[in-house]
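To be precise, the following lines are input.pdb, and they hold PDB, C-alpha atoms, pLDDT in the B column.
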ATOM      1  CA  PHE X   1       0.000   0.000   0.000  1.00 48.00           C
ATOM      2  CA  THR X   2       2.768   2.474   0.865  1.00 50.00           C
ATOM      3  CA  THR X   3       4.564   1.974  -2.462  1.00 52.00           C
ATOM      4  CA  ALA X   4       1.387   2.820  -4.323  1.00 49.00           C
ATOM      5  CA  VAL X   5       0.970   5.996  -2.308  1.00 47.00           C
ATOM      6  CA  THR X   6       4.572   7.119  -2.831  1.00 53.00           C
ATOM      7  CA  ALA X   7       4.353   6.283  -6.551  1.00 52.00           C
ATOM      8  CA  ALA X   8       1.277   8.479  -6.829  1.00 53.00           C
ATOM      9  CA  MET X   9       2.998  11.336  -5.006  1.00 56.00           C
ATOM     10  CA  THR X  10       6.036  11.492  -7.328  1.00 63.00           C
ATOM     11  CA  THR X  11       5.983  13.576 -10.469  1.00 69.00           C
ATOM     12  CA  ILE X  12       7.415  12.776 -13.865  1.00 67.00           C
ATOM     13  CA  GLU X  13      10.367  15.083 -13.165  1.00 68.00           C
ATOM     14  CA  ASP X  14      11.095  13.208  -9.932  1.00 68.00           C
ATOM     15  CA  ASN X  15      11.094   9.934 -11.859  1.00 67.00           C
ATOM     16  CA  ARG X  16      13.569  11.367 -14.371  1.00 65.00           C
ATOM     17  CA  GLN X  17      15.896  12.563 -11.626  1.00 64.00           C
ATOM     18  CA  CYS X  18      15.810   9.196  -9.870  1.00 60.00           C
ATOM     19  CA  ALA X  19      16.434   7.385 -13.147  1.00 61.00           C
ATOM     20  CA  ALA X  20      19.350   9.707 -13.921  1.00 55.00           C
ATOM     21  CA  GLU X  21      20.836   9.057 -10.485  1.00 58.00           C
ATOM     22  CA  ARG X  22      20.610   5.324 -11.104  1.00 57.00           C
ATOM     23  CA  GLY X  23      22.203   5.700 -14.545  1.00 53.00           C
ATOM     24  CA  GLU X  24      19.033   4.943 -16.463  1.00 57.00           C
ATOM     25  CA  ALA X  25      18.486   7.486 -19.207  1.00 55.00           C
ATOM     26  CA  MET X  26      14.852   6.619 -19.962  1.00 56.00           C
ATOM     27  CA  GLY X  27      15.377   7.493 -23.615  1.00 57.00           C
ATOM     28  CA  GLU X  28      16.780  10.957 -22.898  1.00 56.00           C
ATOM     29  CA  THR X  29      20.320  12.207 -22.812  1.00 58.00           C
ATOM     30  CA  PHE X  30      21.560  14.063 -19.792  1.00 52.00           C
ATOM     31  CA  PRO X  31      24.505  16.423 -19.782  1.00 58.00           C
ATOM     32  CA  VAL X  32      27.784  14.965 -18.503  1.00 57.00           C
ATOM     33  CA  VAL X  33      29.584  17.164 -16.007  1.00 59.00           C
ATOM     34  CA  GLN X  34      33.355  16.935 -15.769  1.00 60.00           C
ATOM     35  CA  GLY X  35      34.570  17.180 -12.170  1.00 60.00           C
ATOM     36  CA  THR X  36      37.450  19.479 -11.272  1.00 58.00           C
ATOM     37  CA  PRO X  37      39.502  19.282  -8.096  1.00 59.00           C
ATOM     38  CA  ILE X  38      38.808  21.951  -5.533  1.00 65.00           C
ATOM     39  CA  GLY X  39      41.727  24.167  -4.636  1.00 64.00           C
ATOM     40  CA  VAL X  40      43.663  23.715  -7.894  1.00 62.00           C
ATOM     41  CA  PRO X  41      44.502  27.083  -9.462  1.00 66.00           C
ATOM     42  CA  VAL X  42      43.203  27.777 -12.949  1.00 66.00           C
ATOM     43  CA  GLY X  43      45.846  26.963 -15.525  1.00 68.00           C
ATOM     44  CA  ALA X  44      47.755  24.579 -13.230  1.00 67.00           C
ATOM     45  CA  PRO X  45      49.114  21.487 -14.979  1.00 67.00           C
ATOM     46  CA  GLN X  46      46.654  18.622 -14.835  1.00 63.00           C
ATOM     47  CA  ILE X  47      48.051  15.361 -13.460  1.00 62.00           C
ATOM     48  CA  PRO X  48      46.260  12.296 -14.791  1.00 59.00           C
ATOM     49  CA  MET X  49      44.708  10.020 -12.188  1.00 55.00           C
ATOM     50  CA  GLY X  50      46.860   7.102 -11.188  1.00 52.00           C
ATOM     51  CA  VAL X  51      50.180   8.874 -11.700  1.00 48.00           C
ATOM     52  CA  LEU X  52      52.288   8.929  -8.545  1.00 48.00           C
ATOM     53  CA  VAL X  53      54.130  12.109  -7.777  1.00 51.00           C
ATOM     54  CA  GLY X  54      56.837  11.597  -5.184  1.00 55.00           C
ATOM     55  CA  ALA X  55      60.255  12.523  -4.006  1.00 53.00           C
ATOM     56  CA  PRO X  56      63.249  11.877  -6.209  1.00 63.00           C
ATOM     57  CA  PRO X  57      64.841   8.474  -5.718  1.00 77.00           C
ATOM     58  CA  LEU X  58      67.348   8.111  -2.899  1.00 84.00           C
ATOM     59  CA  THR X  59      71.055   8.223  -3.591  1.00 87.00           C
ATOM     60  CA  VAL X  60      73.344   5.565  -2.168  1.00 88.00           C
ATOM     61  CA  GLN X  61      74.538   8.018   0.494  1.00 91.00           C
ATOM     62  CA  GLU X  62      70.989   8.787   1.598  1.00 90.00           C
ATOM     63  CA  GLN X  63      70.067   5.108   1.796  1.00 90.00           C
ATOM     64  CA  VAL X  64      73.204   4.440   3.882  1.00 90.00           C
ATOM     65  CA  VAL X  65      72.265   7.259   6.265  1.00 92.00           C
ATOM     66  CA  LEU X  66      68.732   5.931   6.695  1.00 91.00           C
ATOM     67  CA  ASN X  67      69.992   2.382   7.248  1.00 90.00           C
ATOM     68  CA  TYR X  68      72.684   3.372   9.755  1.00 93.00           C
ATOM     69  CA  ARG X  69      70.280   5.732  11.492  1.00 92.00           C
ATOM     70  CA  THR X  70      68.307   2.821  12.919  1.00 90.00           C
ATOM     71  CA  ALA X  71      71.504   1.083  14.064  1.00 92.00           C
ATOM     72  CA  VAL X  72      72.766   4.214  15.827  1.00 94.00           C
ATOM     73  CA  LEU X  73      69.361   4.656  17.482  1.00 93.00           C
ATOM     74  CA  CYS X  74      69.519   1.068  18.724  1.00 92.00           C
ATOM     75  CA  PHE X  75      73.107   1.199  19.985  1.00 93.00           C
ATOM     76  CA  SER X  76      72.712   4.577  21.668  1.00 94.00           C
ATOM     77  CA  GLY X  77      69.609   3.243  23.422  1.00 93.00           C
ATOM     78  CA  LEU X  78      71.600   0.224  24.633  1.00 91.00           C
ATOM     79  CA  ASP X  79      74.453   2.508  25.745  1.00 90.00           C
ATOM     80  CA  PHE X  80      71.967   4.648  27.630  1.00 90.00           C
ATOM     81  CA  ALA X  81      70.529   1.622  29.442  1.00 90.00           C
ATOM     82  CA  THR X  82      73.914   0.109  30.339  1.00 85.00           C
ATOM     83  CA  THR X  83      75.369   3.432  31.502  1.00 82.00           C
ATOM     84  CA  LEU X  84      72.306   4.076  33.628  1.00 83.00           C
ATOM     85  CA  LEU X  85      72.524   0.594  35.159  1.00 83.00           C
ATOM     86  CA  LYS X  86      76.232   1.086  35.929  1.00 78.00           C
ATOM     87  CA  ALA X  87      75.479   4.417  37.609  1.00 75.00           C
ATOM     88  CA  ILE X  88      72.757   2.803  39.724  1.00 79.00           C
ATOM     89  CA  ALA X  89      75.029  -0.133  40.641  1.00 77.00           C
ATOM     90  CA  VAL X  90      77.886   2.181  41.689  1.00 73.00           C
ATOM     91  CA  LEU X  91      75.487   4.328  43.708  1.00 75.00           C
ATOM     92  CA  ALA X  92      74.059   1.275  45.457  1.00 77.00           C
ATOM     93  CA  SER X  93      77.445  -0.271  46.256  1.00 78.00           C
ATOM     94  CA  THR X  94      79.742   2.606  47.190  1.00 75.00           C
ATOM     95  CA  ARG X  95      77.696   5.727  47.869  1.00 68.00           C
ATOM     96  CA  ASP X  96      80.549   7.896  46.585  1.00 69.00           C
ATOM     97  CA  SER X  97      80.556  10.541  43.870  1.00 70.00           C
ATOM     98  CA  MET X  98      81.525   8.066  41.121  1.00 69.00           C
ATOM     99  CA  TRP X  99      77.850   7.601  40.251  1.00 64.00           C
ATOM    100  CA  LEU X 100      77.588  11.301  39.446  1.00 70.00           C
ATOM    101  CA  SER X 101      80.276  11.028  36.751  1.00 73.00           C
ATOM    102  CA  LEU X 102      78.461   8.024  35.288  1.00 71.00           C
ATOM    103  CA  ALA X 103      75.206   9.975  35.379  1.00 71.00           C
ATOM    104  CA  VAL X 104      76.886  12.763  33.379  1.00 78.00           C
ATOM    105  CA  LEU X 105      78.008  10.152  30.832  1.00 83.00           C
ATOM    106  CA  ILE X 106      74.328   9.439  30.113  1.00 89.00           C
ATOM    107  CA  LEU X 107      74.357  12.643  28.050  1.00 91.00           C
ATOM    108  CA  GLY X 108      76.473  10.913  25.364  1.00 92.00           C
ATOM    109  CA  PRO X 109      73.897   8.242  24.475  1.00 94.00           C
ATOM    110  CA  LEU X 110      71.083  10.799  24.755  1.00 95.00           C
ATOM    111  CA  CYS X 111      72.879  12.952  22.170  1.00 95.00           C
ATOM    112  CA  GLY X 112      73.279   9.844  20.000  1.00 95.00           C
ATOM    113  CA  MET X 113      69.583   9.040  20.127  1.00 95.00           C
ATOM    114  CA  LEU X 114      68.558  12.628  19.438  1.00 96.00           C
ATOM    115  CA  GLY X 115      71.191  13.094  16.716  1.00 96.00           C
ATOM    116  CA  ALA X 116      70.183   9.914  14.897  1.00 95.00           C
ATOM    117  CA  LYS X 117      66.496  10.689  15.232  1.00 94.00           C
ATOM    118  CA  THR X 118      66.867  14.227  13.825  1.00 95.00           C
ATOM    119  CA  LEU X 119      69.922  13.574  11.575  1.00 95.00           C
ATOM    120  CA  ASN X 120      71.847  16.218  13.526  1.00 95.00           C
ATOM    121  CA  ARG X 121      75.596  15.932  12.863  1.00 94.00           C
ATOM    122  CA  PRO X 122      76.860  17.818  15.973  1.00 95.00           C
ATOM    123  CA  LEU X 123      74.823  15.609  18.322  1.00 96.00           C
ATOM    124  CA  VAL X 124      76.104  12.476  16.575  1.00 96.00           C
ATOM    125  CA  SER X 125      79.649  13.853  17.031  1.00 96.00           C
ATOM    126  CA  VAL X 126      79.059  14.098  20.791  1.00 95.00           C
ATOM    127  CA  TYR X 127      77.948  10.467  20.811  1.00 95.00           C
ATOM    128  CA  PHE X 128      81.008   9.498  18.763  1.00 97.00           C
ATOM    129  CA  ALA X 129      83.275  11.191  21.344  1.00 95.00           C
ATOM    130  CA  PHE X 130      81.392   9.328  24.097  1.00 93.00           C
ATOM    131  CA  CYS X 131      82.009   6.022  22.300  1.00 94.00           C
ATOM    132  CA  ILE X 132      85.753   6.776  21.999  1.00 95.00           C
ATOM    133  CA  PHE X 133      85.898   7.672  25.701  1.00 92.00           C
ATOM    134  CA  LYS X 134      83.973   4.558  26.681  1.00 88.00           C
ATOM    135  CA  ALA X 135      86.332   2.377  24.597  1.00 90.00           C
ATOM    136  CA  ALA X 136      89.341   3.956  26.322  1.00 91.00           C
ATOM    137  CA  VAL X 137      87.780   3.280  29.723  1.00 84.00           C
ATOM    138  CA  GLU X 138      87.043  -0.337  28.738  1.00 83.00           C
ATOM    139  CA  ILE X 139      90.639  -0.825  27.568  1.00 88.00           C
ATOM    140  CA  ALA X 140      92.025   0.654  30.801  1.00 87.00           C
ATOM    141  CA  PHE X 141      89.647  -1.480  32.851  1.00 81.00           C
ATOM    142  CA  ALA X 142      90.692  -4.606  30.909  1.00 82.00           C
ATOM    143  CA  PHE X 143      94.379  -3.996  31.716  1.00 85.00           C
ATOM    144  CA  TYR X 144      93.640  -3.071  35.321  1.00 84.00           C
ATOM    145  CA  THR X 145      91.509  -6.099  36.173  1.00 81.00           C
ATOM    146  CA  MET X 146      92.871  -8.640  33.667  1.00 80.00           C
ATOM    147  CA  TRP X 147      89.311  -9.878  33.337  1.00 77.00           C
ATOM    148  CA  GLN X 148      88.976 -11.674  29.989  1.00 78.00           C
ATOM    149  CA  TRP X 149      85.410 -10.576  29.315  1.00 78.00           C
ATOM    150  CA  ASN X 150      86.535  -6.970  29.021  1.00 78.00           C
ATOM    151  CA  VAL X 151      88.295  -7.842  25.775  1.00 82.00           C
ATOM    152  CA  LEU X 152      84.881  -8.739  24.355  1.00 85.00           C
ATOM    153  CA  PHE X 153      83.477  -5.415  25.583  1.00 83.00           C
ATOM    154  CA  VAL X 154      86.354  -3.546  23.927  1.00 87.00           C
ATOM    155  CA  VAL X 155      85.753  -5.341  20.611  1.00 89.00           C
ATOM    156  CA  MET X 156      82.026  -4.595  20.801  1.00 88.00           C
ATOM    157  CA  GLN X 157      82.721  -0.919  21.562  1.00 89.00           C
ATOM    158  CA  GLY X 158      85.088  -0.747  18.579  1.00 92.00           C
ATOM    159  CA  TRP X 159      82.356  -2.199  16.397  1.00 92.00           C
ATOM    160  CA  ILE X 160      79.877   0.440  17.626  1.00 91.00           C
ATOM    161  CA  ILE X 161      82.484   3.153  16.968  1.00 95.00           C
ATOM    162  CA  LYS X 162      82.795   1.925  13.377  1.00 94.00           C
ATOM    163  CA  ILE X 163      79.015   2.123  12.861  1.00 94.00           C
ATOM    164  CA  VAL X 164      78.748   5.603  14.397  1.00 95.00           C
ATOM    165  CA  ALA X 165      81.763   6.836  12.379  1.00 95.00           C
ATOM    166  CA  THR X 166      80.251   5.536   9.126  1.00 94.00           C
ATOM    167  CA  PHE X 167      76.913   7.179   9.929  1.00 94.00           C
ATOM    168  CA  MET X 168      78.594  10.457  10.866  1.00 95.00           C
ATOM    169  CA  SER X 169      80.849  10.640   7.800  1.00 94.00           C
ATOM    170  CA  THR X 170      78.014   9.757   5.418  1.00 94.00           C
ATOM    171  CA  LEU X 171      75.774  12.325   7.099  1.00 94.00           C
ATOM    172  CA  ASP X 172      78.385  14.976   6.237  1.00 92.00           C
ATOM    173  CA  GLY X 173      77.746  14.500   2.513  1.00 91.00           C
ATOM    174  CA  ILE X 174      74.034  15.354   2.733  1.00 93.00           C
ATOM    175  CA  SER X 175      72.821  18.940   2.897  1.00 91.00           C
ATOM    176  CA  ALA X 176      70.706  20.150   5.815  1.00 90.00           C
ATOM    177  CA  LEU X 177      67.735  20.721   3.510  1.00 92.00           C
ATOM    178  CA  ARG X 178      67.893  17.195   2.144  1.00 91.00           C
ATOM    179  CA  ARG X 179      68.216  15.815   5.703  1.00 92.00           C
ATOM    180  CA  SER X 180      64.928  17.458   6.627  1.00 90.00           C
ATOM    181  CA  GLU X 181      63.349  15.953   3.496  1.00 90.00           C
ATOM    182  CA  LEU X 182      64.684  12.513   4.452  1.00 89.00           C
ATOM    183  CA  LEU X 183      63.063  12.804   7.875  1.00 89.00           C
ATOM    184  CA  GLU X 184      59.676  13.307   6.222  1.00 89.00           C
ATOM    185  CA  LEU X 185      59.949  10.162   4.078  1.00 84.00           C
ATOM    186  CA  LYS X 186      57.847   7.431   5.650  1.00 79.00           C
ATOM    187  CA  ASP X 187      57.497   4.883   2.826  1.00 78.00           C
ATOM    188  CA  VAL X 188      61.197   4.234   2.259  1.00 78.00           C
ATOM    189  CA  PRO X 189      62.331   0.695   3.101  1.00 78.00           C
ATOM    190  CA  VAL X 190      65.031   0.888   5.762  1.00 77.00           C
ATOM    191  CA  HIS X 191      67.238  -2.015   6.823  1.00 77.00           C
ATOM    192  CA  MET X 192      69.155  -1.926  10.080  1.00 75.00           C
ATOM    193  CA  VAL X 193      72.854  -2.383   9.372  1.00 74.00           C
ATOM    194  CA  TYR X 194      74.974  -4.332  11.870  1.00 69.00           C
ATOM    195  CA  TRP X 195      78.376  -3.935  10.214  1.00 67.00           C
TER     196      TRP X 195
END

Could you rewrite the structure in this file as structure tokens?
Amino acid sequence: FTTAVTAAMTTIEDNRQCAAERGEAMGETFPVVQGTPIGVPVGAPQIPMGVLVGAPPLTVQEQVVLNYRTAVLCFSGLDFATTLLKAIAVLASTRDSMWLSLAVLILGPLCGMLGAKTLNRPLVSVYFAFCIFKAAVEIAFAFYTMWQWNVLFVVMQGWIIKIVATFMSTLDGISALRRSELLELKDVPVHMVYW
């Protein structure tokens, strides 16, 4: 009953509009309207649908920086955790001012994390200096205690120094403007480099 009432209430023009919306022409031709994007200035070059417009491809240097960036972030985070744990252990065992010097050394890994995250060369340089200092301390501690495991720590610290040095020297070859562009890239495949 309700369909009969609504059918009686519609006009011929309403039927045409509904048929046009459904794509049924009912024997008549309707004008085709070409859509234009909103906000595009008149005379701007038209980009066909389906064409991707993106950043220029990455150079080898830029890909190396992005790959080493994740490694430096990881190693500086591990350095931060181990330095913090050493400071807490020294504070708990001796209660002298040695823990304060270890607490100051936390700034090195923090600079490494921030420098790698923002591709900031001076902050990465501070972390590099921290790594050199930490390696020297590990070497001195290995000779002082004659503990064999310290040799492993020295080798690991040398390996981290190599990664940070590679990241830092490659970062030198990229302009500050391009670094900021690299930070905005989200769809670039990045592989953490361990060597």

Inset, instruction - For the point (74.8, 8.8, 21.4) in the file's frame, write as JSON, numbers by chain all residues with an atom no more than 10 Å away, counting all atoms listed in the file. - result: {"X": [72, 73, 74, 75, 76, 77, 78, 79, 80, 106, 107, 108, 109, 110, 111, 112, 113, 114, 115, 116, 123, 124, 125, 126, 127, 128, 129, 130, 131, 164]}

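Taking CA of Thr70 (chain X) as the reference point, CA of Val155 (chain X) is found at 20.7 Å.
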
I need the output of the PyMOL selection byres ((chain X and resi 58) around 12) for this file as a tab-separated table (two decimals) with C-alpha atoms, in the frame of the given file; which residues are they?
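As a result, result19.tsv now contains:
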chain	number	residue	atom	x	y	z
X	54	GLY	CA	56.84	11.60	-5.18
X	55	ALA	CA	60.26	12.52	-4.01
X	56	PRO	CA	63.25	11.88	-6.21
X	57	PRO	CA	64.84	8.47	-5.72
X	59	THR	CA	71.06	8.22	-3.59
X	60	VAL	CA	73.34	5.56	-2.17
X	61	GLN	CA	74.54	8.02	0.49
X	62	GLU	CA	70.99	8.79	1.60
X	63	GLN	CA	70.07	5.11	1.80
X	64	VAL	CA	73.20	4.44	3.88
X	65	VAL	CA	72.26	7.26	6.26
X	66	LEU	CA	68.73	5.93	6.70
X	67	ASN	CA	69.99	2.38	7.25
X	174	ILE	CA	74.03	15.35	2.73
X	178	ARG	CA	67.89	17.20	2.14
X	179	ARG	CA	68.22	15.82	5.70
X	181	GLU	CA	63.35	15.95	3.50
X	182	LEU	CA	64.68	12.51	4.45
X	185	LEU	CA	59.95	10.16	4.08
X	187	ASP	CA	57.50	4.88	2.83
X	188	VAL	CA	61.20	4.23	2.26
X	189	PRO	CA	62.33	0.70	3.10
X	190	VAL	CA	65.03	0.89	5.76

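Between CA of Ala81 (chain X) and CA of Leu105 (chain X) there is a distance of 11.4 Å.
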
Inset, instruction - To verify the selection step, state as an MDAnalysis selection string which residues the PyMOL selection byres ((chain X and resi 88) around 12) yields on this input. - result: chainID X and resid 81:87 89:103 106

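With distances taken over all atoms listed in the file, X:Ala135 is the one residue among X:Ala135, X:Met192, X:Leu119, X:Met146 lying closest to Ile160 (chain X).
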
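CA of Ala176 (chain X) lies 22.5 Å from CA of His191 (chain X).
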
Legend entry - Nearest-residue call for Ile163 (chain X), choices X:Val193, X:Ile132, X:Pro122, X:Ser180, using all atoms listed in the file: X:Val193

Around region 77-85 of chain X, with edges along x, y and z and 4 Å added on all six sides, what centre and edge lengths do you get, in Å to one decimal, as JSON?
{"center_x": 72.5, "center_y": 2.4, "center_z": 29.3, "size_x": 13.8, "size_y": 12.5, "size_z": 19.7}
